[in-house]
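Trainee: For reference, this is final21.cif, and it has mmCIF, N, CA and C atoms.
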```
data_entry
loop_
_atom_site.label_atom_id
_atom_site.label_comp_id
_atom_site.auth_asym_id
_atom_site.auth_seq_id
_atom_site.Cartn_x
_atom_site.Cartn_y
_atom_site.Cartn_z
N ASP A 1 0.85 -1.17 0.00
CA ASP A 1 0.00 0.00 0.00
C ASP A 1 0.90 1.24 0.00
N LEU A 2 1.08 1.84 -1.15
CA LEU A 2 2.01 2.96 -1.29
C LEU A 2 1.43 4.30 -0.87
N MET A 3 0.13 4.38 -0.67
CA MET A 3 -0.52 5.61 -0.19
C MET A 3 -0.34 6.80 -1.13
N PHE A 4 -0.51 6.59 -2.40
CA PHE A 4 -0.51 7.70 -3.33
C PHE A 4 -1.67 7.54 -4.30
N ILE A 5 -2.00 8.61 -4.99
CA ILE A 5 -3.14 8.60 -5.90
C ILE A 5 -2.65 8.16 -7.27
N THR A 6 -3.23 7.12 -7.79
CA THR A 6 -2.84 6.62 -9.10
C THR A 6 -3.60 7.37 -10.20
N PRO A 7 -3.12 7.32 -11.42
CA PRO A 7 -3.79 8.04 -12.51
C PRO A 7 -4.97 7.29 -13.11
N PHE A 8 -5.40 6.23 -12.48
CA PHE A 8 -6.48 5.42 -13.03
C PHE A 8 -7.83 5.89 -12.51
N ASN A 9 -8.86 5.70 -13.31
CA ASN A 9 -10.20 6.12 -12.89
C ASN A 9 -11.16 4.93 -12.80
N THR A 10 -10.63 3.75 -12.61
CA THR A 10 -11.45 2.54 -12.59
C THR A 10 -11.74 2.02 -11.19
N PHE A 11 -11.33 2.76 -10.17
CA PHE A 11 -11.52 2.30 -8.80
C PHE A 11 -12.95 2.54 -8.33
N LYS A 12 -13.42 1.67 -7.49
CA LYS A 12 -14.72 1.85 -6.85
C LYS A 12 -14.52 2.77 -5.64
N ASP A 13 -15.60 3.35 -5.14
CA ASP A 13 -15.51 4.30 -4.03
C ASP A 13 -14.75 3.72 -2.83
N HIS A 14 -14.99 2.46 -2.51
CA HIS A 14 -14.34 1.87 -1.33
C HIS A 14 -12.84 1.62 -1.55
N GLU A 15 -12.36 1.78 -2.78
CA GLU A 15 -10.94 1.56 -3.08
C GLU A 15 -10.14 2.86 -3.14
N LEU A 16 -10.81 4.00 -3.05
CA LEU A 16 -10.12 5.29 -3.13
C LEU A 16 -9.34 5.57 -1.85
N PRO A 17 -8.24 6.32 -1.94
CA PRO A 17 -7.48 6.66 -0.73
C PRO A 17 -8.34 7.46 0.24
N THR A 18 -8.04 7.34 1.52
CA THR A 18 -8.85 8.01 2.54
C THR A 18 -8.08 9.05 3.34
N ASP A 19 -6.80 9.24 3.04
CA ASP A 19 -6.05 10.24 3.80
C ASP A 19 -6.51 11.64 3.39
N PRO A 20 -6.34 12.64 4.26
CA PRO A 20 -6.86 13.99 3.99
C PRO A 20 -6.34 14.62 2.70
N LEU A 21 -5.07 14.46 2.39
CA LEU A 21 -4.53 15.06 1.17
C LEU A 21 -5.16 14.43 -0.07
N ALA A 22 -5.25 13.11 -0.10
CA ALA A 22 -5.86 12.42 -1.24
C ALA A 22 -7.32 12.82 -1.40
N LYS A 23 -8.04 12.94 -0.28
CA LYS A 23 -9.44 13.34 -0.35
C LYS A 23 -9.57 14.73 -0.98
N GLU A 24 -8.68 15.63 -0.60
CA GLU A 24 -8.73 16.99 -1.16
C GLU A 24 -8.39 16.98 -2.65
N VAL A 25 -7.41 16.19 -3.04
CA VAL A 25 -7.07 16.07 -4.47
C VAL A 25 -8.25 15.52 -5.25
N ILE A 26 -8.86 14.48 -4.74
CA ILE A 26 -10.01 13.86 -5.42
C ILE A 26 -11.17 14.85 -5.50
N ARG A 27 -11.39 15.61 -4.43
CA ARG A 27 -12.47 16.62 -4.44
C ARG A 27 -12.24 17.63 -5.56
N TRP A 28 -11.00 18.11 -5.69
CA TRP A 28 -10.68 19.07 -6.73
C TRP A 28 -10.76 18.45 -8.12
N MET A 29 -10.36 17.22 -8.25
CA MET A 29 -10.42 16.55 -9.56
C MET A 29 -11.85 16.42 -10.06
N ASN A 30 -12.80 16.37 -9.13
CA ASN A 30 -14.21 16.21 -9.50
C ASN A 30 -15.00 17.51 -9.45
N LYS A 31 -14.33 18.62 -9.18
CA LYS A 31 -15.00 19.91 -9.02
C LYS A 31 -15.40 20.48 -10.38
N ASP A 32 -16.62 21.01 -10.47
CA ASP A 32 -17.08 21.65 -11.70
C ASP A 32 -16.16 22.82 -12.06
N GLY A 33 -15.85 22.94 -13.33
CA GLY A 33 -15.02 24.04 -13.80
C GLY A 33 -13.53 23.81 -13.68
N VAL A 34 -13.13 22.68 -13.12
CA VAL A 34 -11.70 22.37 -12.97
C VAL A 34 -11.36 21.27 -13.97
N THR A 35 -10.31 21.50 -14.74
CA THR A 35 -9.87 20.51 -15.72
C THR A 35 -8.58 19.88 -15.23
N SER A 36 -8.57 18.58 -15.08
CA SER A 36 -7.35 17.89 -14.69
C SER A 36 -6.45 17.77 -15.91
N MET A 37 -5.19 18.08 -15.72
CA MET A 37 -4.22 17.99 -16.80
C MET A 37 -3.71 16.56 -16.87
N PRO A 38 -3.59 16.01 -18.07
CA PRO A 38 -3.00 14.68 -18.17
C PRO A 38 -1.54 14.73 -17.75
N TRP A 39 -1.06 13.68 -17.12
CA TRP A 39 0.34 13.65 -16.69
C TRP A 39 1.17 13.23 -17.89
N ALA A 40 1.64 14.23 -18.60
CA ALA A 40 2.44 13.98 -19.79
C ALA A 40 3.55 15.03 -19.82
N PHE A 41 4.68 14.65 -20.31
CA PHE A 41 5.80 15.57 -20.30
C PHE A 41 5.54 16.83 -21.12
N SER A 42 4.59 16.78 -22.03
CA SER A 42 4.30 17.97 -22.83
C SER A 42 3.59 19.06 -22.04
N VAL A 43 3.06 18.73 -20.86
CA VAL A 43 2.38 19.75 -20.06
C VAL A 43 3.13 20.11 -18.79
N ILE A 44 4.28 19.52 -18.59
CA ILE A 44 5.12 19.91 -17.46
C ILE A 44 5.86 21.17 -17.88
N PRO A 45 5.95 22.17 -17.01
CA PRO A 45 6.63 23.40 -17.41
C PRO A 45 8.06 23.13 -17.88
N SER A 46 8.50 24.02 -18.73
CA SER A 46 9.84 23.91 -19.31
C SER A 46 10.93 24.23 -18.28
N GLY A 47 12.15 23.99 -18.68
CA GLY A 47 13.28 24.36 -17.83
C GLY A 47 13.31 25.85 -17.57
N GLN A 48 12.94 26.65 -18.57
CA GLN A 48 12.92 28.10 -18.39
C GLN A 48 11.87 28.49 -17.35
N TRP A 49 10.70 27.82 -17.37
CA TRP A 49 9.68 28.10 -16.37
C TRP A 49 10.23 27.82 -14.97
N LYS A 50 10.90 26.69 -14.84
CA LYS A 50 11.45 26.32 -13.53
C LYS A 50 12.51 27.31 -13.07
N THR A 51 13.33 27.78 -14.01
CA THR A 51 14.35 28.78 -13.68
C THR A 51 13.69 30.08 -13.22
N ASP A 52 12.69 30.53 -13.97
CA ASP A 52 11.98 31.77 -13.61
C ASP A 52 11.27 31.64 -12.27
N PHE A 53 10.65 30.49 -12.03
CA PHE A 53 9.95 30.25 -10.77
C PHE A 53 10.95 30.26 -9.61
N GLY A 54 12.09 29.62 -9.81
CA GLY A 54 13.13 29.63 -8.78
C GLY A 54 13.60 31.03 -8.47
N ALA A 55 13.76 31.85 -9.51
CA ALA A 55 14.18 33.24 -9.30
C ALA A 55 13.11 34.00 -8.51
N ASP A 56 11.84 33.78 -8.87
CA ASP A 56 10.75 34.44 -8.14
C ASP A 56 10.70 33.99 -6.68
N LEU A 57 10.98 32.72 -6.43
CA LEU A 57 11.03 32.24 -5.04
C LEU A 57 12.14 32.96 -4.28
N GLY A 58 13.27 33.17 -4.94
CA GLY A 58 14.37 33.91 -4.32
C GLY A 58 13.96 35.33 -3.97
N LEU A 59 13.24 35.99 -4.89
CA LEU A 59 12.76 37.34 -4.62
C LEU A 59 11.78 37.35 -3.45
N TYR A 60 10.94 36.34 -3.39
CA TYR A 60 9.98 36.23 -2.28
C TYR A 60 10.71 36.06 -0.95
N ILE A 61 11.68 35.17 -0.93
CA ILE A 61 12.44 34.92 0.30
C ILE A 61 13.14 36.18 0.78
N ASN A 62 13.59 37.00 -0.18
CA ASN A 62 14.29 38.24 0.16
C ASN A 62 13.34 39.42 0.39
N GLY A 63 12.04 39.16 0.38
CA GLY A 63 11.06 40.21 0.65
C GLY A 63 10.83 41.16 -0.50
N GLN A 64 11.24 40.78 -1.70
CA GLN A 64 11.11 41.66 -2.86
C GLN A 64 9.89 41.35 -3.72
N LEU A 65 9.17 40.29 -3.36
CA LEU A 65 7.99 39.88 -4.12
C LEU A 65 7.02 39.23 -3.15
N SER A 66 5.74 39.53 -3.29
CA SER A 66 4.74 38.90 -2.42
C SER A 66 4.46 37.48 -2.90
N TRP A 67 3.94 36.64 -1.99
CA TRP A 67 3.60 35.28 -2.39
C TRP A 67 2.53 35.29 -3.47
N GLY A 68 1.58 36.22 -3.36
CA GLY A 68 0.54 36.33 -4.37
C GLY A 68 1.11 36.61 -5.75
N GLU A 69 2.12 37.45 -5.81
CA GLU A 69 2.76 37.76 -7.09
C GLU A 69 3.54 36.56 -7.62
N VAL A 70 4.20 35.82 -6.73
CA VAL A 70 4.90 34.60 -7.15
C VAL A 70 3.90 33.64 -7.79
N ALA A 71 2.78 33.42 -7.11
CA ALA A 71 1.76 32.51 -7.63
C ALA A 71 1.19 33.02 -8.95
N LYS A 72 0.90 34.31 -9.01
CA LYS A 72 0.34 34.91 -10.23
C LYS A 72 1.27 34.71 -11.42
N ARG A 73 2.55 34.97 -11.22
CA ARG A 73 3.53 34.81 -12.30
C ARG A 73 3.66 33.34 -12.71
N ALA A 74 3.69 32.45 -11.72
CA ALA A 74 3.85 31.02 -12.01
C ALA A 74 2.66 30.51 -12.83
N VAL A 75 1.46 30.87 -12.41
CA VAL A 75 0.26 30.42 -13.12
C VAL A 75 0.22 31.01 -14.53
N ALA A 76 0.51 32.29 -14.67
CA ALA A 76 0.47 32.94 -15.99
C ALA A 76 1.48 32.33 -16.95
N SER A 77 2.69 32.08 -16.47
CA SER A 77 3.71 31.54 -17.37
C SER A 77 3.44 30.08 -17.70
N TRP A 78 2.91 29.31 -16.74
CA TRP A 78 2.56 27.92 -17.02
C TRP A 78 1.42 27.88 -18.04
N LYS A 79 0.43 28.77 -17.87
CA LYS A 79 -0.69 28.83 -18.82
C LYS A 79 -0.18 29.19 -20.21
N ALA A 80 0.73 30.13 -20.29
CA ALA A 80 1.28 30.52 -21.60
C ALA A 80 1.95 29.33 -22.27
N GLU A 81 2.70 28.54 -21.50
CA GLU A 81 3.33 27.35 -22.07
C GLU A 81 2.29 26.32 -22.48
N TYR A 82 1.28 26.13 -21.66
CA TYR A 82 0.21 25.18 -21.99
C TYR A 82 -0.51 25.60 -23.27
N ASP A 83 -0.79 26.90 -23.39
CA ASP A 83 -1.50 27.41 -24.56
C ASP A 83 -0.73 27.14 -25.85
N LEU A 84 0.58 27.06 -25.77
CA LEU A 84 1.38 26.76 -26.95
C LEU A 84 1.17 25.33 -27.45
N THR A 85 0.65 24.46 -26.59
CA THR A 85 0.44 23.06 -26.98
C THR A 85 -0.90 22.84 -27.67
N LYS A 86 -1.74 23.85 -27.69
CA LYS A 86 -3.08 23.70 -28.28
C LYS A 86 -3.02 23.80 -29.79
#
```
Reformat the file's structure so that it appears as structure tokens.
Mentor:
Amino acid sequence: DLMFITPFNTFKDHELPTDPLAKEVIRWMNKDGVTSMPWAFSVIPSGQWKTDFGADLGLYINGQLSWGEVAKRAVASWKAEYDLTK
């Protein structure tokens, strides 16, 4: 029992994980208006995204950027990369 959420959707309700984190993930995966991204290397952010995110984390740690701005930049740049795959 590895205690992680698998990418399969064939489980019955009694077979789903019951830990709090898994329950929250499952709740979000089934939430209206939320699209789950397939786990594929084409949708993982690029190396440049990771570099930029790391730099933004450094700015946050040094008090030069708010956490909200870090999140906003990360989401916007990830979305821009995702949009290129359409």
Trainee: When the PyMOL selection byres (((chain A and resi 56 and name CA) around 12) and name CA) is applied to the file above, which residues end up in the set, as a list in words?
Mentor: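 Output of the PyMOL selection byres (((chain A and resi 56 and name CA) around 12) and name CA): Trp49, Lys50, Thr51, Asp52, Phe53, Gly54, Ala55, Leu57, Gly58, Leu59, Tyr60, Ile61, Asn62, Gly63, Gln64, Leu65, Ser66, Trp67, Gly68, Glu69, Val70, Ala71, Lys72, Arg73, Ala74 and Ser77 of chain A.
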Trainee: If I wrap all listed atoms of region 64-81 of chain A in a box with edges along x, y and z and add 5 Å on each side, what are its centre and edge lengths in Å to one decimal, as JSON?
Mentor:
```
{"center_x": 5.3, "center_y": 34.0, "center_z": -12.1, "size_x": 21.9, "size_y": 25.3, "size_z": 30.8}
```
Trainee: Any idea what the distance is between CA of Gly47 (chain A) and CA of Ala22 (chain A)?
Mentor: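 These two atoms are separated by 28.0 Å.
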Trainee: As an exercise, work out the distance from atom N of Lys86 (chain A) to atom N of Gly33 (chain A) in Å and give it to one decimal place.
Mentor: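 Atom N of Gly33 (chain A) lies at a distance of 20.2 Å from atom N of Lys86 (chain A).
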Trainee: Find the distance between CA of Arg27 (chain A) and CA of Phe11 (chain A) and write it in Å to one decimal.
Mentor: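 One can read the CA of Arg27 (chain A) to CA of Phe11 (chain A) distance as 15.0 Å.
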Trainee: Residues of chain A in alpha helix (DSSP H) according to DSSP, as a PyMOL selection string?
Mentor: chain A and resi 20-29+47-61+67-83
